[in-house]
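Colleague: Sharing a structure below in structure tokens format, with a few things to ask.
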Amino acid sequence: MAALLILGVGYYFCLPKNLFDDPYATVVNDRNGALLSARIANDGQWRFPELDSLPQKYVTALLTFEDQRFYHHPGVDPLAFGRAIKQNVQAGRVVSGGSTLSMQVIRLHRKGKDRSVFEKLIEMVLSTRLELRYSKEEILRLYASHAPFGGNTVGINAAAWRYFERSPSELSWAEAALLAVLPNQPAMLYPGKSVDPLKSKRDRLLQKLFEEGRMDNTDLELALSEPLPRKPQDLPQLASHYTNFLISSGQEGKQVQSGLDIHVQRDVVNILNAHHQLLKTEGIHNASAIVLDVEKNEVLAYAGNVIGAGAEHQEYVDVIQAPRSTGSLLKPILYASLLDEGQILPKTLIPDVPMFFGDFAPQNFSRTYDGAVHADMAIARSLNIPAVEMLKMYGYPKFHQKLRDMGMTTLNRPAGHYGLSLILGGSEGTLWDLTNMYAGMSRILSHFNRKRYREEDFEFADLQTSKADGGIPPDSYRDHGNDETKKGKDIPDHLSAASIWFAFEAMLEVYRPNEDAAWKLYSSASKIAWKTGTSFGYRDGWAIGITPEYVVGVWVGNADGEGRPGLTGIKAAAPIMFDIFDRLPETTWFNMPRAEMVTAAVDRESGYLASPYSSQIDTVFIPKVGLRTAASPFHTLVHLDASQKFQVNAGCVPLSEMVTKSWFELPPKLAYYYKMKNPTYAEPPLFMPGCETQFTQLKAMEMIYPEPNASFYLPVEQDGQLGKIVFEATHQNRSTKVHWHLDGEYLGYTQNEHVMSLQPNNGNHRLVLVDDLGNELVRSFEVLKKSD
């Protein structure tokens, strides 16, 4: 009795809990099941994860060939075993083993065991235990997933893709029959080797299937006419960087059904490769692109780099996830943030004049100044100085926090580390973060008019699967497995729909007045809000395009950070972005979120709310919060003499002889540059001699450089000698002589162009400018001593 108990316990535990602990290949399918990419298993075998179900044609062919009584025996088929003994005796050698499919599963499990009588008996015992643990369907799946199919191809899933480039569910009768007979002698007979014997074996099985009524005559003729595949095909690698990302996220060895679309993915890869052929001639070797489905919050295409750039150019780097200098990509978000808080209106004039913040002196790409520019045009033209002025207005600590709240994960240093350079590429961002941030803005605007603000609108698209082997949670891939990108708990706190709408409208007319006019060719039948960016040193070129349906993000550059002349977002990245949009379905445009807007009287020249002195007024839509902004500060009443050639006041001319007019007048520093770009701008007439006041004297001159109480070093020339600092001022009347004094010493005078190069000694200094009318301008500064 004890012996029977021991035998019973031993029989119960004779099989391990998991029959197979083999490593699996990592397999990525698109949203419809098409194979995108695969990474070979760690043991060098193309072994795909086990299937959930098997195609009926294959099951029928397999059972007909291997185990016709599979559903009727307990793991061992005595009839098949007796037939095998008879055949072996008659042949004088082993020609048949009589193994059932259950026994073959056990043999696959017990790798490398001899084919002796003793081992066969063990297989028989274990196969009966297998039948008690697993259902017949599970046993079939175990066999089909672990059977050898020639070379390093294991399992029907890998075999179907490698031999026929399709999924098992799409196999024809001829293909199913071939895969049914392959494991019988996988080392001797497989496609590309012993073709005729293999075809004869397949055809005999097809004939038997026909005779048993499994297929009709037409099916048989078609199946017999199908040729055998010549050799295993290389598996597609359309999303290799995406596959690497999944592996790094803990999905190695799993079959993942992603949200990618194979058609969009293939188009994006082909477009990148086509542009790469031209870019590499200019020393630009890497590019990446991502396409997001805004409404579904899914990734449609993910090309982390150009395949073919070569290892020497780091083609293996997934640039979508790599932090790079953002260039100008954050400017529209800053513009929307200012609108959202009611600090500006869409066309508020923003200063565009030389600015100095210690050793930080931003420059426009064109190295020119407009004096003042409307905020929306500053975004459209991607002007740097107005952007810095807007960030100064908004506050870089607050903007730093807003970007983090919107999902920018790379801002891992305090706001003070970036300062005002934050808006000009002083921080790093990833293409993944930036495209998702703009996709969140697009969703907010799209959902607003449908009254569908949702908590998840500002969440990032998942690099996740809609189906994943092993029951992987849907959110398991979000931001490398953590929850940092689950932002947007209260969407209106980020950006309002109205502010986003105005930002996207400004991005419709991206304009570069002093760059290659080829930008005008980048048009589409549909409206696309787009923004480019170029990092310092021409290391990164960016382009992001937004519609209600899609966001397309593109990065171009060198993965090793090498800059190249001419590597700009508009020349290198924008053409790729528009080519991708051209391959996407037709898009629409956003409806104006009028519930967050109000009509208001706006001064046309300044872009501020109209003042009582505004002469040109437009009634336009503005965000409701814009009503809290100030009225135009640049319009005043000017009192002129009867000839209207001079300004006067009541102290020098009777009221009855005055002519009063509304005048658009900018501060001297802004006006100096503004009138160069706006010939129609007219400054108010000078005051009539004897009518000047202390206030008019203060307005007469303004210093362009240096700023008040500035500290700076003298430049060092190429020969190692100290150079000079260029001091610049502007005067309301350019023809007036301005006399320069430094620390009480007269230096000379300037006229028309008020510029003087000086080389002061180290220490504190006092510069005094006096015009012919006695108006005085004082500026203090310090020249710092350079340490050795």
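The chains in the structure tokens are called A, B, ... from first to last as shown; in each chain the residues are counted from 1, and the ligands are counted from 1 in the order shown.
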What's around A:Ala729 at 6 Å? Count only C-alpha atoms, leave out sequence neighbours fewer than 4 positions away in its own chain, and write the answer as a ChimeraX atom specification.
Modeller: /A:702-704,754
Colleague: With distances taken over only C-alpha atoms, which residue among A:Gln616, A:Gln321, A:Gln233, A:Asn270 lies nearest A:Trp555?
Modeller: A:Gln321
Colleague: Excluding same-chain residues fewer than 4 positions from A:Thr588, what lies within 9 Å of it counting only C-alpha atoms, as a list in words?
Modeller: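 Using only C-alpha atoms, the neighbours found are Ser526, Lys527, Ile528, Thr547, Pro548 and Glu549 of chain A.
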Colleague: For the residues in the current selection, export N, CA and C atoms as a CSV table (one decimal), in the first residue's frame.
Modeller:
chain,number,residue,atom,x,y,z
A,526,SER,N,-4.7,70.8,-46.2
A,526,SER,CA,-5.4,71.0,-44.9
A,526,SER,C,-4.6,71.9,-44.0
A,527,LYS,N,-5.2,72.6,-43.0
A,527,LYS,CA,-4.5,73.4,-42.1
A,527,LYS,C,-3.7,72.6,-41.1
A,528,ILE,N,-2.5,73.1,-40.9
A,528,ILE,CA,-1.6,72.4,-40.0
A,528,ILE,C,-0.9,73.5,-39.2
A,547,THR,N,-2.8,68.9,-35.8
A,547,THR,CA,-4.2,69.0,-36.3
A,547,THR,C,-5.1,68.4,-35.3
A,548,PRO,N,-6.4,68.5,-35.5
A,548,PRO,CA,-7.3,67.8,-34.5
A,548,PRO,C,-7.1,66.3,-34.5
A,549,GLU,N,-6.6,65.7,-35.6
A,549,GLU,CA,-6.5,64.3,-35.7
A,549,GLU,C,-5.1,63.7,-35.3
Colleague: Taking the chain letters and numbering used in this document, name the residues of stretch 115-219 of chain A that DSSP puts in helix (DSSP H, G or I), as number ranges by chain.
Modeller: A: 117-133, 136-146, 156-164, 168-170, 173-184, 195-211, 217-219
Colleague: Which residues are close to stretch 61-70 of chain A, i.e. within 9 Å by only C-alpha atoms, leaving aside same-chain residues fewer than 4 positions away? Reply as a ChimeraX atom specification.
Modeller: /A:56-57,74-75,77,80,99-102,136,173,176-181,184,205-206,208-209
Colleague: Using only C-alpha atoms for the distances, tell me which of A:Phe356, A:Tyr418, A:Trp530, A:Phe712 is nearest to A:Arg381.
Modeller: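 Answer, going by the shortest atom-to-atom distance: A:Trp530.
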Colleague: Which polymer residues have any atom within 9 Å of an atom of A:Thr326, counting only C-alpha atoms, with same-chain residues fewer than 5 positions away left out, as a PDB file with all heavy atoms, in the first residue's frame?
Modeller:
ATOM      1  N   LEU A 422      15.670  79.262 -20.942  1.00  0.00           N
ATOM      2  CA  LEU A 422      14.732  78.146 -21.032  1.00  0.00           C
ATOM      3  C   LEU A 422      13.929  78.185 -22.321  1.00  0.00           C
ATOM      4  O   LEU A 422      13.640  77.148 -22.921  1.00  0.00           O
ATOM      5  CB  LEU A 422      13.787  78.181 -19.822  1.00  0.00           C
ATOM      6  CG  LEU A 422      12.667  77.143 -19.754  1.00  0.00           C
ATOM      7  CD1 LEU A 422      13.239  75.744 -19.663  1.00  0.00           C
ATOM      8  CD2 LEU A 422      11.769  77.427 -18.553  1.00  0.00           C
ATOM      9  N   ILE A 423      13.587  79.376 -22.783  1.00  0.00           N
ATOM     10  CA  ILE A 423      12.711  79.514 -23.952  1.00  0.00           C
ATOM     11  C   ILE A 423      13.485  79.409 -25.265  1.00  0.00           C
ATOM     12  O   ILE A 423      12.885  79.290 -26.334  1.00  0.00           O
ATOM     13  CB  ILE A 423      11.945  80.862 -23.894  1.00  0.00           C
ATOM     14  CG1 ILE A 423      10.714  80.823 -24.810  1.00  0.00           C
ATOM     15  CG2 ILE A 423      12.852  82.035 -24.234  1.00  0.00           C
ATOM     16  CD1 ILE A 423       9.700  79.777 -24.419  1.00  0.00           C
ATOM     17  N   LEU A 424      14.823  79.433 -25.201  1.00  0.00           N
ATOM     18  CA  LEU A 424      15.638  79.407 -26.426  1.00  0.00           C
ATOM     19  C   LEU A 424      16.474  78.141 -26.540  1.00  0.00           C
ATOM     20  O   LEU A 424      17.542  78.145 -27.153  1.00  0.00           O
ATOM     21  CB  LEU A 424      16.554  80.638 -26.483  1.00  0.00           C
ATOM     22  CG  LEU A 424      15.869  82.005 -26.443  1.00  0.00           C
ATOM     23  CD1 LEU A 424      16.902  83.104 -26.580  1.00  0.00           C
ATOM     24  CD2 LEU A 424      14.812  82.114 -27.532  1.00  0.00           C
ATOM     25  N   GLY A 425      16.020  77.061 -25.949  1.00  0.00           N
ATOM     26  CA  GLY A 425      16.773  75.816 -26.035  1.00  0.00           C
ATOM     27  C   GLY A 425      17.742  75.628 -24.903  1.00  0.00           C
ATOM     28  O   GLY A 425      18.611  74.746 -24.981  1.00  0.00           O
ATOM     29  N   GLY A 426      17.624  76.421 -23.850  1.00  0.00           N
ATOM     30  CA  GLY A 426      18.501  76.269 -22.695  1.00  0.00           C
ATOM     31  C   GLY A 426      18.198  75.034 -21.881  1.00  0.00           C
ATOM     32  O   GLY A 426      18.937  74.706 -20.955  1.00  0.00           O
ATOM     33  N   SER A 427      17.113  74.349 -22.213  1.00  0.00           N
ATOM     34  CA  SER A 427      16.778  73.088 -21.554  1.00  0.00           C
ATOM     35  C   SER A 427      16.739  71.988 -22.603  1.00  0.00           C
ATOM     36  O   SER A 427      16.688  72.256 -23.806  1.00  0.00           O
ATOM     37  CB  SER A 427      15.414  73.182 -20.864  1.00  0.00           C
ATOM     38  OG  SER A 427      14.395  73.348 -21.841  1.00  0.00           O
ATOM     39  N   GLU A 428      16.736  70.754 -22.134  1.00  0.00           N
ATOM     40  CA  GLU A 428      16.624  69.618 -23.037  1.00  0.00           C
ATOM     41  C   GLU A 428      15.236  69.007 -22.922  1.00  0.00           C
ATOM     42  O   GLU A 428      14.621  69.027 -21.861  1.00  0.00           O
ATOM     43  CB  GLU A 428      17.683  68.560 -22.711  1.00  0.00           C
ATOM     44  CG  GLU A 428      19.099  69.008 -23.017  1.00  0.00           C
ATOM     45  CD  GLU A 428      20.108  67.891 -22.778  1.00  0.00           C
ATOM     46  OE1 GLU A 428      19.856  67.066 -21.879  1.00  0.00           O
ATOM     47  OE2 GLU A 428      21.126  67.857 -23.479  1.00  0.00           O
ATOM     48  N   GLY A 429      14.760  68.490 -24.026  1.00  0.00           N
ATOM     49  CA  GLY A 429      13.477  67.800 -24.051  1.00  0.00           C
ATOM     50  C   GLY A 429      13.571  66.619 -24.994  1.00  0.00           C
ATOM     51  O   GLY A 429      14.512  66.507 -25.786  1.00  0.00           O
ATOM     52  N   THR A 430      12.601  65.728 -24.911  1.00  0.00           N
ATOM     53  CA  THR A 430      12.567  64.583 -25.822  1.00  0.00           C
ATOM     54  C   THR A 430      11.439  64.770 -26.829  1.00  0.00           C
ATOM     55  O   THR A 430      10.435  65.438 -26.557  1.00  0.00           O
ATOM     56  CB  THR A 430      12.339  63.270 -25.061  1.00  0.00           C
ATOM     57  OG1 THR A 430      11.028  63.290 -24.455  1.00  0.00           O
ATOM     58  CG2 THR A 430      13.394  63.076 -23.985  1.00  0.00           C
ATOM     59  N   LEU A 431      11.620  64.176 -27.980  1.00  0.00           N
ATOM     60  CA  LEU A 431      10.574  64.225 -28.998  1.00  0.00           C
ATOM     61  C   LEU A 431       9.297  63.585 -28.469  1.00  0.00           C
ATOM     62  O   LEU A 431       8.189  64.019 -28.789  1.00  0.00           O
ATOM     63  CB  LEU A 431      11.051  63.521 -30.267  1.00  0.00           C
ATOM     64  CG  LEU A 431      10.176  63.649 -31.514  1.00  0.00           C
ATOM     65  CD1 LEU A 431      10.006  65.104 -31.904  1.00  0.00           C
ATOM     66  CD2 LEU A 431      10.771  62.848 -32.670  1.00  0.00           C
ATOM     67  N   LEU A 434       7.598  66.244 -26.077  1.00  0.00           N
ATOM     68  CA  LEU A 434       7.121  67.442 -26.765  1.00  0.00           C
ATOM     69  C   LEU A 434       5.923  67.147 -27.652  1.00  0.00           C
ATOM     70  O   LEU A 434       4.952  67.920 -27.681  1.00  0.00           O
ATOM     71  CB  LEU A 434       8.263  68.052 -27.575  1.00  0.00           C
ATOM     72  CG  LEU A 434       9.407  68.622 -26.717  1.00  0.00           C
ATOM     73  CD1 LEU A 434      10.638  68.874 -27.565  1.00  0.00           C
ATOM     74  CD2 LEU A 434       8.963  69.903 -26.026  1.00  0.00           C
ATOM     75  N   GLY A 533      12.243  74.186 -34.683  1.00  0.00           N
ATOM     76  CA  GLY A 533      13.220  74.579 -33.671  1.00  0.00           C
ATOM     77  C   GLY A 533      14.619  74.219 -34.127  1.00  0.00           C
ATOM     78  O   GLY A 533      14.815  73.212 -34.805  1.00  0.00           O
ATOM     79  N   THR A 534      15.580  75.054 -33.775  1.00  0.00           N
ATOM     80  CA  THR A 534      16.987  74.811 -34.094  1.00  0.00           C
ATOM     81  C   THR A 534      17.808  75.101 -32.851  1.00  0.00           C
ATOM     82  O   THR A 534      17.679  76.171 -32.252  1.00  0.00           O
ATOM     83  CB  THR A 534      17.464  75.720 -35.247  1.00  0.00           C
ATOM     84  OG1 THR A 534      16.621  75.520 -36.382  1.00  0.00           O
ATOM     85  CG2 THR A 534      18.914  75.403 -35.605  1.00  0.00           C
ATOM     86  N   SER A 535      18.627  74.152 -32.446  1.00  0.00           N
ATOM     87  CA  SER A 535      19.415  74.353 -31.237  1.00  0.00           C
ATOM     88  C   SER A 535      20.684  75.134 -31.530  1.00  0.00           C
ATOM     89  O   SER A 535      21.115  75.250 -32.684  1.00  0.00           O
ATOM     90  CB  SER A 535      19.762  73.004 -30.599  1.00  0.00           C
ATOM     91  OG  SER A 535      20.651  72.276 -31.431  1.00  0.00           O
ATOM     92  N   ASP A 540      20.576  70.403 -33.580  1.00  0.00           N
ATOM     93  CA  ASP A 540      19.262  69.749 -33.597  1.00  0.00           C
ATOM     94  C   ASP A 540      18.308  70.555 -34.462  1.00  0.00           C
ATOM     95  O   ASP A 540      18.222  71.784 -34.336  1.00  0.00           O
ATOM     96  CB  ASP A 540      18.667  69.658 -32.191  1.00  0.00           C
ATOM     97  CG  ASP A 540      19.616  69.022 -31.191  1.00  0.00           C
ATOM     98  OD1 ASP A 540      19.596  67.786 -31.095  1.00  0.00           O
ATOM     99  OD2 ASP A 540      20.362  69.769 -30.528  1.00  0.00           O
ATOM    100  N   GLY A 541      17.595  69.856 -35.342  1.00  0.00           N
ATOM    101  CA  GLY A 541      16.517  70.471 -36.108  1.00  0.00           C
ATOM    102  C   GLY A 541      15.215  69.771 -35.773  1.00  0.00           C
ATOM    103  O   GLY A 541      15.116  68.535 -35.833  1.00  0.00           O
ATOM    104  N   TRP A 542      14.214  70.564 -35.377  1.00  0.00           N
ATOM    105  CA  TRP A 542      12.930  70.011 -34.944  1.00  0.00           C
ATOM    106  C   TRP A 542      11.797  70.520 -35.830  1.00  0.00           C
ATOM    107  O   TRP A 542      11.875  71.618 -36.388  1.00  0.00           O
ATOM    108  CB  TRP A 542      12.598  70.435 -33.521  1.00  0.00           C
ATOM    109  CG  TRP A 542      13.556  70.120 -32.440  1.00  0.00           C
ATOM    110  CD1 TRP A 542      14.689  70.816 -32.125  1.00  0.00           C
ATOM    111  CD2 TRP A 542      13.466  69.065 -31.480  1.00  0.00           C
ATOM    112  NE1 TRP A 542      15.311  70.260 -31.036  1.00  0.00           N
ATOM    113  CE2 TRP A 542      14.576  69.180 -30.615  1.00  0.00           C
ATOM    114  CE3 TRP A 542      12.552  68.042 -31.255  1.00  0.00           C
ATOM    115  CZ2 TRP A 542      14.796  68.308 -29.562  1.00  0.00           C
ATOM    116  CZ3 TRP A 542      12.773  67.182 -30.189  1.00  0.00           C
ATOM    117  CH2 TRP A 542      13.880  67.307 -29.365  1.00  0.00           C
TER     118      TRP A 542
END
Colleague: Ranking A:Thr60, A:Gln751, A:Ser200, A:Gln237 by minimum distance to A:Ala34 and counting only C-alpha atoms, which one comes first?
Modeller: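 Under the stated criterion, the closest residue is A:Gln237.
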Colleague: Would you mind reading off the distance between atom CA of A:Ser225 and atom CA of A:Leu198, one decimal, in Å?
Modeller: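 According to the coordinates, atom CA of A:Ser225 and atom CA of A:Leu198 are separated by 14.2 Å.
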Colleague: Taking into account only C-alpha atoms, which residue in the set A:Leu36, A:Val294, A:Leu224, A:Ile622 is nearest to A:His241?
Modeller: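 Looking only at the distances to A:His241, the closest residue turns out to be A:Leu36.
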Colleague: Contacts of stretch 295-309 of chain A at 8 Å or less, counting only C-alpha atoms, minus same-chain residues fewer than 3 places along, as a VMD selection string?
Modeller: chain A and resid 239 to 242 259 to 262 264 to 265 268 to 269 272 to 273 276 285 to 292 312 to 321 443 460 to 463 548 to 549
Colleague: Tell me which protein, DNA and RNA residues are within 9 Å of A:Pro575, counting only C-alpha atoms, leaving out same-chain ones fewer than 3 positions away, and put them as an mmCIF file with C-alpha atoms, in the first residue's frame.
Modeller:
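Resulting contents of result.cif:
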data_model
loop_
_atom_site.group_PDB
_atom_site.id
_atom_site.type_symbol
_atom_site.label_atom_id
_atom_site.label_comp_id
_atom_site.auth_asym_id
_atom_site.auth_seq_id
_atom_site.Cartn_x
_atom_site.Cartn_y
_atom_site.Cartn_z
ATOM 1 C CA HIS A 275 15.410 62.217 -46.806
ATOM 2 C CA TRP A 519 9.439 77.347 -46.541
ATOM 3 C CA TYR A 522 5.711 73.490 -47.233
ATOM 4 C CA ALA A 543 9.468 70.218 -36.485
ATOM 5 C CA ILE A 570 12.816 74.522 -41.264
ATOM 6 C CA LYS A 571 15.286 73.150 -43.792
ATOM 7 C CA ALA A 572 15.952 69.672 -42.418
ATOM 8 C CA PHE A 578 4.983 67.660 -44.267
ATOM 9 C CA ASP A 579 5.775 64.552 -46.287
ATOM 10 C CA ILE A 580 4.410 62.468 -43.406
#
Colleague: If you measure from atom CA of A:Val373 to atom CA of A:Met597, what distance in Å do you get, rounded to one decimal?
Modeller: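 It comes out at 23.3 Å.
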Colleague: Return as a PyMOL selection string the full set of residues in stretch 118-345 of chain A whose backbone-based DSSP assignment is strand (DSSP E or B).
Modeller: chain A and resi 148+153-154+190+193+237+255-258+286-293+298-303+324-325
Colleague: Next, dump the selected residues to file, keeping only N, CA and C atoms, as an mmCIF file, in the first residue's frame.
Modeller:
data_model
loop_
_atom_site.group_PDB
_atom_site.id
_atom_site.type_symbol
_atom_site.label_atom_id
_atom_site.label_comp_id
_atom_site.auth_asym_id
_atom_site.auth_seq_id
_atom_site.Cartn_x
_atom_site.Cartn_y
_atom_site.Cartn_z
ATOM 1 N N PRO A 148 10.302 21.945 -33.654
ATOM 2 C CA PRO A 148 11.320 22.529 -34.546
ATOM 3 C C PRO A 148 10.820 22.553 -35.991
ATOM 4 N N THR A 153 14.417 27.946 -36.426
ATOM 5 C CA THR A 153 13.006 28.336 -36.381
ATOM 6 C C THR A 153 12.236 27.342 -35.529
ATOM 7 N N VAL A 154 11.601 27.843 -34.489
ATOM 8 C CA VAL A 154 10.872 26.999 -33.546
ATOM 9 C C VAL A 154 9.441 27.518 -33.427
ATOM 10 N N TYR A 190 13.791 20.628 -44.935
ATOM 11 C CA TYR A 190 13.208 21.937 -44.655
ATOM 12 C C TYR A 190 13.414 22.819 -45.882
ATOM 13 N N LYS A 193 16.411 23.024 -48.542
ATOM 14 C CA LYS A 193 17.217 21.803 -48.496
ATOM 15 C C LYS A 193 16.326 20.604 -48.796
ATOM 16 N N GLN A 237 11.705 44.443 -39.694
ATOM 17 C CA GLN A 237 12.223 45.254 -38.581
ATOM 18 C C GLN A 237 11.755 46.697 -38.777
ATOM 19 N N GLN A 255 4.863 38.650 -26.816
ATOM 20 C CA GLN A 255 4.260 39.079 -28.077
ATOM 21 C C GLN A 255 3.311 40.212 -27.765
ATOM 22 N N VAL A 256 3.583 41.364 -28.335
ATOM 23 C CA VAL A 256 2.873 42.587 -27.989
ATOM 24 C C VAL A 256 2.075 43.073 -29.185
ATOM 25 N N GLN A 257 0.795 43.295 -28.981
ATOM 26 C CA GLN A 257 -0.006 43.946 -30.020
ATOM 27 C C GLN A 257 -0.068 45.428 -29.676
ATOM 28 N N SER A 258 0.615 46.205 -30.459
ATOM 29 C CA SER A 258 0.759 47.628 -30.181
ATOM 30 C C SER A 258 -0.366 48.418 -30.828
ATOM 31 N N ASN A 286 21.354 61.303 -38.770
ATOM 32 C CA ASN A 286 20.292 60.691 -37.966
ATOM 33 C C ASN A 286 18.997 61.482 -38.075
ATOM 34 N N ALA A 287 17.895 60.795 -37.945
ATOM 35 C CA ALA A 287 16.576 61.433 -37.949
ATOM 36 C C ALA A 287 15.588 60.497 -37.277
ATOM 37 N N SER A 288 14.567 61.067 -36.683
ATOM 38 C CA SER A 288 13.522 60.264 -36.039
ATOM 39 C C SER A 288 12.182 60.953 -36.237
ATOM 40 N N ALA A 289 11.118 60.176 -36.121
ATOM 41 C CA ALA A 289 9.779 60.734 -36.298
ATOM 42 C C ALA A 289 8.774 59.913 -35.511
ATOM 43 N N ILE A 290 7.735 60.585 -35.056
ATOM 44 C CA ILE A 290 6.658 59.928 -34.322
ATOM 45 C C ILE A 290 5.339 60.521 -34.783
ATOM 46 N N VAL A 291 4.317 59.681 -34.889
ATOM 47 C CA VAL A 291 2.970 60.112 -35.264
ATOM 48 C C VAL A 291 2.009 59.670 -34.179
ATOM 49 N N LEU A 292 1.249 60.622 -33.630
ATOM 50 C CA LEU A 292 0.279 60.324 -32.583
ATOM 51 C C LEU A 292 -1.137 60.487 -33.107
ATOM 52 N N ASP A 293 -2.001 59.562 -32.748
ATOM 53 C CA ASP A 293 -3.438 59.690 -32.983
ATOM 54 C C ASP A 293 -4.003 60.457 -31.797
ATOM 55 N N GLU A 298 -3.024 57.379 -29.008
ATOM 56 C CA GLU A 298 -2.186 56.237 -29.334
ATOM 57 C C GLU A 298 -1.058 56.654 -30.267
ATOM 58 N N VAL A 299 -0.012 55.848 -30.280
ATOM 59 C CA VAL A 299 1.118 56.061 -31.186
ATOM 60 C C VAL A 299 0.851 55.285 -32.470
ATOM 61 N N LEU A 300 0.800 55.984 -33.595
ATOM 62 C CA LEU A 300 0.571 55.335 -34.886
ATOM 63 C C LEU A 300 1.874 54.916 -35.549
ATOM 64 N N ALA A 301 2.931 55.694 -35.341
ATOM 65 C CA ALA A 301 4.222 55.368 -35.934
ATOM 66 C C ALA A 301 5.319 55.821 -34.986
ATOM 67 N N TYR A 302 6.383 55.013 -34.923
ATOM 68 C CA TYR A 302 7.481 55.278 -33.994
ATOM 69 C C TYR A 302 8.769 54.857 -34.683
ATOM 70 N N ALA A 303 9.480 55.820 -35.252
ATOM 71 C CA ALA A 303 10.755 55.550 -35.915
ATOM 72 C C ALA A 303 11.835 56.286 -35.139
ATOM 73 N N ARG A 324 17.325 66.302 -25.959
ATOM 74 C CA ARG A 324 18.068 67.184 -26.859
ATOM 75 C C ARG A 324 17.618 68.622 -26.607
ATOM 76 N N SER A 325 18.460 69.569 -26.982
ATOM 77 C CA SER A 325 18.107 70.976 -26.822
ATOM 78 C C SER A 325 16.852 71.288 -27.623
#
